[in-house]
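These notes concern the structure reproduced below.
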Amino acid sequence: MATRQSGIRLAKRLDEVGFSDIVQIRNKVMGMRADGLKVHCLHGGEPYFETPEDIKYAAVKALVENQTHYAPSSGLLPLREVLAKKLTVKNHIQASTDEVIVTVGGSQGLYAAFQCVLDPGDDALVFSPYWTPIGDLVTGAQARPLHVPTITARRNGIHNTLEQFSTPQTRAIYYNTPQNPSGLVFNRAEAEEVAAFAIKRDLVVIADEAYEDLVYDGDHFSIASLPGMAERTITCFTLSKTYAMTGWRAGYAVAKEPFMSALRKIVLYSTNGVATFVQHAMIHALATPEAEIAARREEYRKRRDLLVHALNEAGLHCEPPAGAFYAFPNVEKINKNSRTAAQILLEKAHIATIPGSVFGAQGEGHLRFGYAITLREIEDCADALRKFLA
Ligand SMILES: Cc1ncc(COP(=O)(O)O)c(C=O)c1O
């Protein structure tokens with residue numbers, strides 16, 4: 001008798017989608033701490049400071065004033081006005097209020113962007129190493145990520161390298177600057193090369209500028225500000241990193257038609273927008289003076305310099321990363337396999353990091369150390385590293 005396939009099964013589109021390795025590491029660290037062990041936590045990616053008080057009060061005020069009803073699913077108009085102005089003035093991306101959408105963190109913007117650009121069987125070029133969820137967002141759209149080694153691209157020319165890795169099915173390029181995990185920042189000339197390639201091959205660029213305010217060497221440059229690029233770029237931003245608002249799930253994206261209508265549908269049917277009182281707090285956060293953001297950047301620079309010095313002193317070669325808040329040293333001295341190296345470092349020195357291979361094959365031989373922690377915590381980690389590698 002022929003067996004009938006059970007009706008209870010998962011949609012195939014999830015077959016290739018992984019679940020974050022980073023969460024597994026976080027769980028292991030929590031277990032060690034619960035056992036009373038002191039762990040140096042450099043595996044995370046959360047600002048060391050709390051959400052500023054005035055932003056919290058803006059949310060409380062909105063709640064007290066009953067800003068608890070449905071807002072337009074694409075975002076409150078006053079917030080979209082603030083965002084359109086910010087994008088025009090700071091990013092040089094000319095945007096109207098209809099060309100911005102408020103999203104549940106940068107993550108929802110990225111999810112929606114890949115969903116509305118990729119069809120099953122399409123390919124997307126992804127500079128590698130890359131932020132792990134991107135691979136899953138591409139495969140979740142039943143498309144294939146094509147890993148473009150960033151270091152090779154820088155050495156051999158970005159345009160040529162993109163050409164070398166692309167296929168006839170290529171529809172999009174994921175362009176993240178400053179990068180997680182390497183801290184690399186693409187400069188304007190590099191953005192121009194990516195843009196020229198996208199225009200030549202008629203590709204969409206999905207830009208991820210989550211760390212736009214954390215550039216220490218050089219300047220942040222938005223690819224959508226280049227001529228001919230606003231029409232083919234969806235740029236995703238978040239308030240998570242700049243304003244220490246990771247748990248608020250506050251982000252936004254900017255794009256033109258036909259993308260904006262598609263983004264609106266995805267946001268409408270997935271979350272129906274961002275919590276109304278959170279949007280009021282976002283308006284307040286976006287009024288933060290640039291001097292305050294610059295002061296925090298200087299705090300991160302101190303952390304970067306301290307950590308990079310400690311890593312090099314311990315024999316783990318590390319160029320100072322130009323942006324974001326991660327260092328990505330070569331750790332082959334500990335072990336060539338980054339998963340083994342991370343395990344050794346965690347078990348022997350109680351230093352928690354993320355194995356480079358989690359960020360794609362090009363990350364192998366490296367570990368990601370997050371330095372968005374206190375100076376004291378970095379000093380303690382440096383001591384532990386010195387003792388371990390002495
Ligand atoms: C490169 C990059 N993009 C986007 C995000 C999304 O952040 P969120 O969803 O908290 O806004 C992150 C968070 O770590 C990130 O590292």
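Residues in the structure tokens are numbered from 1 in each chain, the chains being A, B, ... in the order shown, and ligands are numbered from 1 in the order shown.
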(request) Can you pull out every residue within 10 Å of Glu313 of chain A, counting only C-alpha atoms, but drop anything in the same chain fewer than 6 positions away, and send it as a PyMOL selection string? (result) chain A and resi 307+382+385-386+389
Any chance you could tabulate, as JSON lines, the residues of chain A at most 9 Å from ligand 1 with each one's nearest atom pair and distance in Å to one decimal, using only C-alpha atoms and all ligand atoms, in chain and rising number order?
```
{"residue": "A:Gly44", "atom": "CA", "partner": "ligand 1", "partner_atom_place_in_ligand_line": "14 (O)", "distance": 8.8}
{"residue": "A:Gly45", "atom": "CA", "partner": "ligand 1", "partner_atom_place_in_ligand_line": "14 (O)", "distance": 5.9}
{"residue": "A:Glu46", "atom": "CA", "partner": "ligand 1", "partner_atom_place_in_ligand_line": "14 (O)", "distance": 7.7}
{"residue": "A:Thr103", "atom": "CA", "partner": "ligand 1", "partner_atom_place_in_ligand_line": "11 (O)", "distance": 8.8}
{"residue": "A:Val104", "atom": "CA", "partner": "ligand 1", "partner_atom_place_in_ligand_line": "9 (O)", "distance": 7.1}
{"residue": "A:Gly105", "atom": "CA", "partner": "ligand 1", "partner_atom_place_in_ligand_line": "11 (O)", "distance": 3.5}
{"residue": "A:Gly106", "atom": "CA", "partner": "ligand 1", "partner_atom_place_in_ligand_line": "11 (O)", "distance": 3.5}
{"residue": "A:Ser107", "atom": "CA", "partner": "ligand 1", "partner_atom_place_in_ligand_line": "9 (O)", "distance": 3.8}
{"residue": "A:Gln108", "atom": "CA", "partner": "ligand 1", "partner_atom_place_in_ligand_line": "9 (O)", "distance": 6.8}
{"residue": "A:Gly109", "atom": "CA", "partner": "ligand 1", "partner_atom_place_in_ligand_line": "9 (O)", "distance": 8.3}
{"residue": "A:Leu110", "atom": "CA", "partner": "ligand 1", "partner_atom_place_in_ligand_line": "4 (C)", "distance": 7.5}
{"residue": "A:Tyr130", "atom": "CA", "partner": "ligand 1", "partner_atom_place_in_ligand_line": "1 (C)", "distance": 7.7}
{"residue": "A:Trp131", "atom": "CA", "partner": "ligand 1", "partner_atom_place_in_ligand_line": "1 (C)", "distance": 5.3}
{"residue": "A:Thr132", "atom": "CA", "partner": "ligand 1", "partner_atom_place_in_ligand_line": "16 (O)", "distance": 8.7}
{"residue": "A:Pro133", "atom": "CA", "partner": "ligand 1", "partner_atom_place_in_ligand_line": "2 (C)", "distance": 8.6}
{"residue": "A:Ile134", "atom": "CA", "partner": "ligand 1", "partner_atom_place_in_ligand_line": "3 (N)", "distance": 8.5}
{"residue": "A:Asn176", "atom": "CA", "partner": "ligand 1", "partner_atom_place_in_ligand_line": "1 (C)", "distance": 6.4}
{"residue": "A:Thr177", "atom": "CA", "partner": "ligand 1", "partner_atom_place_in_ligand_line": "1 (C)", "distance": 7.8}
{"residue": "A:Pro178", "atom": "CA", "partner": "ligand 1", "partner_atom_place_in_ligand_line": "1 (C)", "distance": 7.7}
{"residue": "A:Gln179", "atom": "CA", "partner": "ligand 1", "partner_atom_place_in_ligand_line": "1 (C)", "distance": 6.0}
{"residue": "A:Asn180", "atom": "CA", "partner": "ligand 1", "partner_atom_place_in_ligand_line": "1 (C)", "distance": 4.9}
{"residue": "A:Pro181", "atom": "CA", "partner": "ligand 1", "partner_atom_place_in_ligand_line": "16 (O)", "distance": 7.6}
{"residue": "A:Asp208", "atom": "CA", "partner": "ligand 1", "partner_atom_place_in_ligand_line": "3 (N)", "distance": 5.7}
{"residue": "A:Glu209", "atom": "CA", "partner": "ligand 1", "partner_atom_place_in_ligand_line": "3 (N)", "distance": 6.9}
{"residue": "A:Ala210", "atom": "CA", "partner": "ligand 1", "partner_atom_place_in_ligand_line": "3 (N)", "distance": 5.0}
{"residue": "A:Tyr211", "atom": "CA", "partner": "ligand 1", "partner_atom_place_in_ligand_line": "1 (C)", "distance": 7.2}
{"residue": "A:Cys236", "atom": "CA", "partner": "ligand 1", "partner_atom_place_in_ligand_line": "4 (C)", "distance": 7.8}
{"residue": "A:Phe237", "atom": "CA", "partner": "ligand 1", "partner_atom_place_in_ligand_line": "11 (O)", "distance": 7.1}
{"residue": "A:Thr238", "atom": "CA", "partner": "ligand 1", "partner_atom_place_in_ligand_line": "11 (O)", "distance": 4.4}
{"residue": "A:Leu239", "atom": "CA", "partner": "ligand 1", "partner_atom_place_in_ligand_line": "11 (O)", "distance": 6.4}
{"residue": "A:Ser240", "atom": "CA", "partner": "ligand 1", "partner_atom_place_in_ligand_line": "10 (O)", "distance": 5.0}
{"residue": "A:Lys241", "atom": "CA", "partner": "ligand 1", "partner_atom_place_in_ligand_line": "10 (O)", "distance": 7.4}
{"residue": "A:Met245", "atom": "CA", "partner": "ligand 1", "partner_atom_place_in_ligand_line": "10 (O)", "distance": 7.8}
{"residue": "A:Thr246", "atom": "CA", "partner": "ligand 1", "partner_atom_place_in_ligand_line": "10 (O)", "distance": 4.9}
{"residue": "A:Gly247", "atom": "CA", "partner": "ligand 1", "partner_atom_place_in_ligand_line": "10 (O)", "distance": 7.4}
{"residue": "A:Trp248", "atom": "CA", "partner": "ligand 1", "partner_atom_place_in_ligand_line": "10 (O)", "distance": 8.4}
{"residue": "A:Arg249", "atom": "CA", "partner": "ligand 1", "partner_atom_place_in_ligand_line": "10 (O)", "distance": 6.1}
{"residue": "A:Ala250", "atom": "CA", "partner": "ligand 1", "partner_atom_place_in_ligand_line": "11 (O)", "distance": 6.3}
{"residue": "A:Gly251", "atom": "CA", "partner": "ligand 1", "partner_atom_place_in_ligand_line": "11 (O)", "distance": 5.7}
{"residue": "A:Tyr252", "atom": "CA", "partner": "ligand 1", "partner_atom_place_in_ligand_line": "11 (O)", "distance": 8.8}
{"residue": "A:Ala324", "atom": "CA", "partner": "ligand 1", "partner_atom_place_in_ligand_line": "16 (O)", "distance": 8.5}
```
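Excluding Glu290 of chain A itself and same-chain residues fewer than 6 positions from it, the residues having an atom within 12 Å of it are Lys86, Lys90, Asp213, Thr242, Tyr243, Arg296 and Arg297 of chain A, counting only C-alpha atoms.
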(request) For atom CA of Asp219 of chain A and atom CA of Leu286 of chain A, determine how far apart the two atoms are, in Å to one decimal place. (result)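 Rounded to one decimal, the two atoms are 19.8 Å apart.
Neighbouring residues of Arg26 of chain A at 12 Å or closer, counting only C-alpha atoms and skipping chain neighbours under 4 positions away, are Ser20, Asp21, Ile22, Met30, Gly31, Met32, Arg33, Val39, Cys41, Leu42, His43, Gly44, Gly45, Leu346, Ala352, Thr353 and Ile354 of chain A.
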Output the selection as a PDB file, in the first residue's frame - C-alpha atoms for each residue.
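Saved as selection-v7.pdb:
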```pdb
ATOM      1  CA  SER A  20      22.014  31.203  15.259  1.00  0.00           C
ATOM      2  CA  ASP A  21      25.233  29.560  16.536  1.00  0.00           C
ATOM      3  CA  ILE A  22      25.744  32.731  18.540  1.00  0.00           C
ATOM      4  CA  MET A  30      25.088  31.512  30.883  1.00  0.00           C
ATOM      5  CA  GLY A  31      25.547  27.930  32.110  1.00  0.00           C
ATOM      6  CA  MET A  32      29.154  28.615  33.167  1.00  0.00           C
ATOM      7  CA  ARG A  33      28.138  31.758  35.022  1.00  0.00           C
ATOM      8  CA  VAL A  39      33.530  34.591  32.292  1.00  0.00           C
ATOM      9  CA  CYS A  41      32.064  38.162  27.896  1.00  0.00           C
ATOM     10  CA  LEU A  42      33.367  39.322  24.526  1.00  0.00           C
ATOM     11  CA  HIS A  43      30.897  37.285  22.509  1.00  0.00           C
ATOM     12  CA  GLY A  44      28.122  39.877  22.460  1.00  0.00           C
ATOM     13  CA  GLY A  45      27.203  42.839  20.322  1.00  0.00           C
ATOM     14  CA  LEU A 346      36.394  29.650  26.810  1.00  0.00           C
ATOM     15  CA  ALA A 352      33.871  34.013  25.465  1.00  0.00           C
ATOM     16  CA  THR A 353      34.198  34.902  21.766  1.00  0.00           C
ATOM     17  CA  ILE A 354      32.540  33.867  18.512  1.00  0.00           C
TER      18      ILE A 354
END
```
(request) Name all residues at most 6 Å from Thr276 of chain A (count only C-alpha atoms; drop same-chain ones fewer than 2 positions away) and give them as JSON, numbers by chain. (result) {"A": [68, 71, 278, 279]}
Dump C-alpha atoms for the selected residues as a compact mmCIF listing (two decimals), in the first residue's frame?
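The file below, out_14.txt, is the result:
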```txt
# COMPACT_ATOMS: atom_id res chain seq x y z
CA THR A 68 -1.05 52.81 22.99
CA ALA A 71 -0.16 53.53 14.50
CA VAL A 278 8.46 53.00 20.94
CA GLN A 279 8.02 55.18 17.86
```
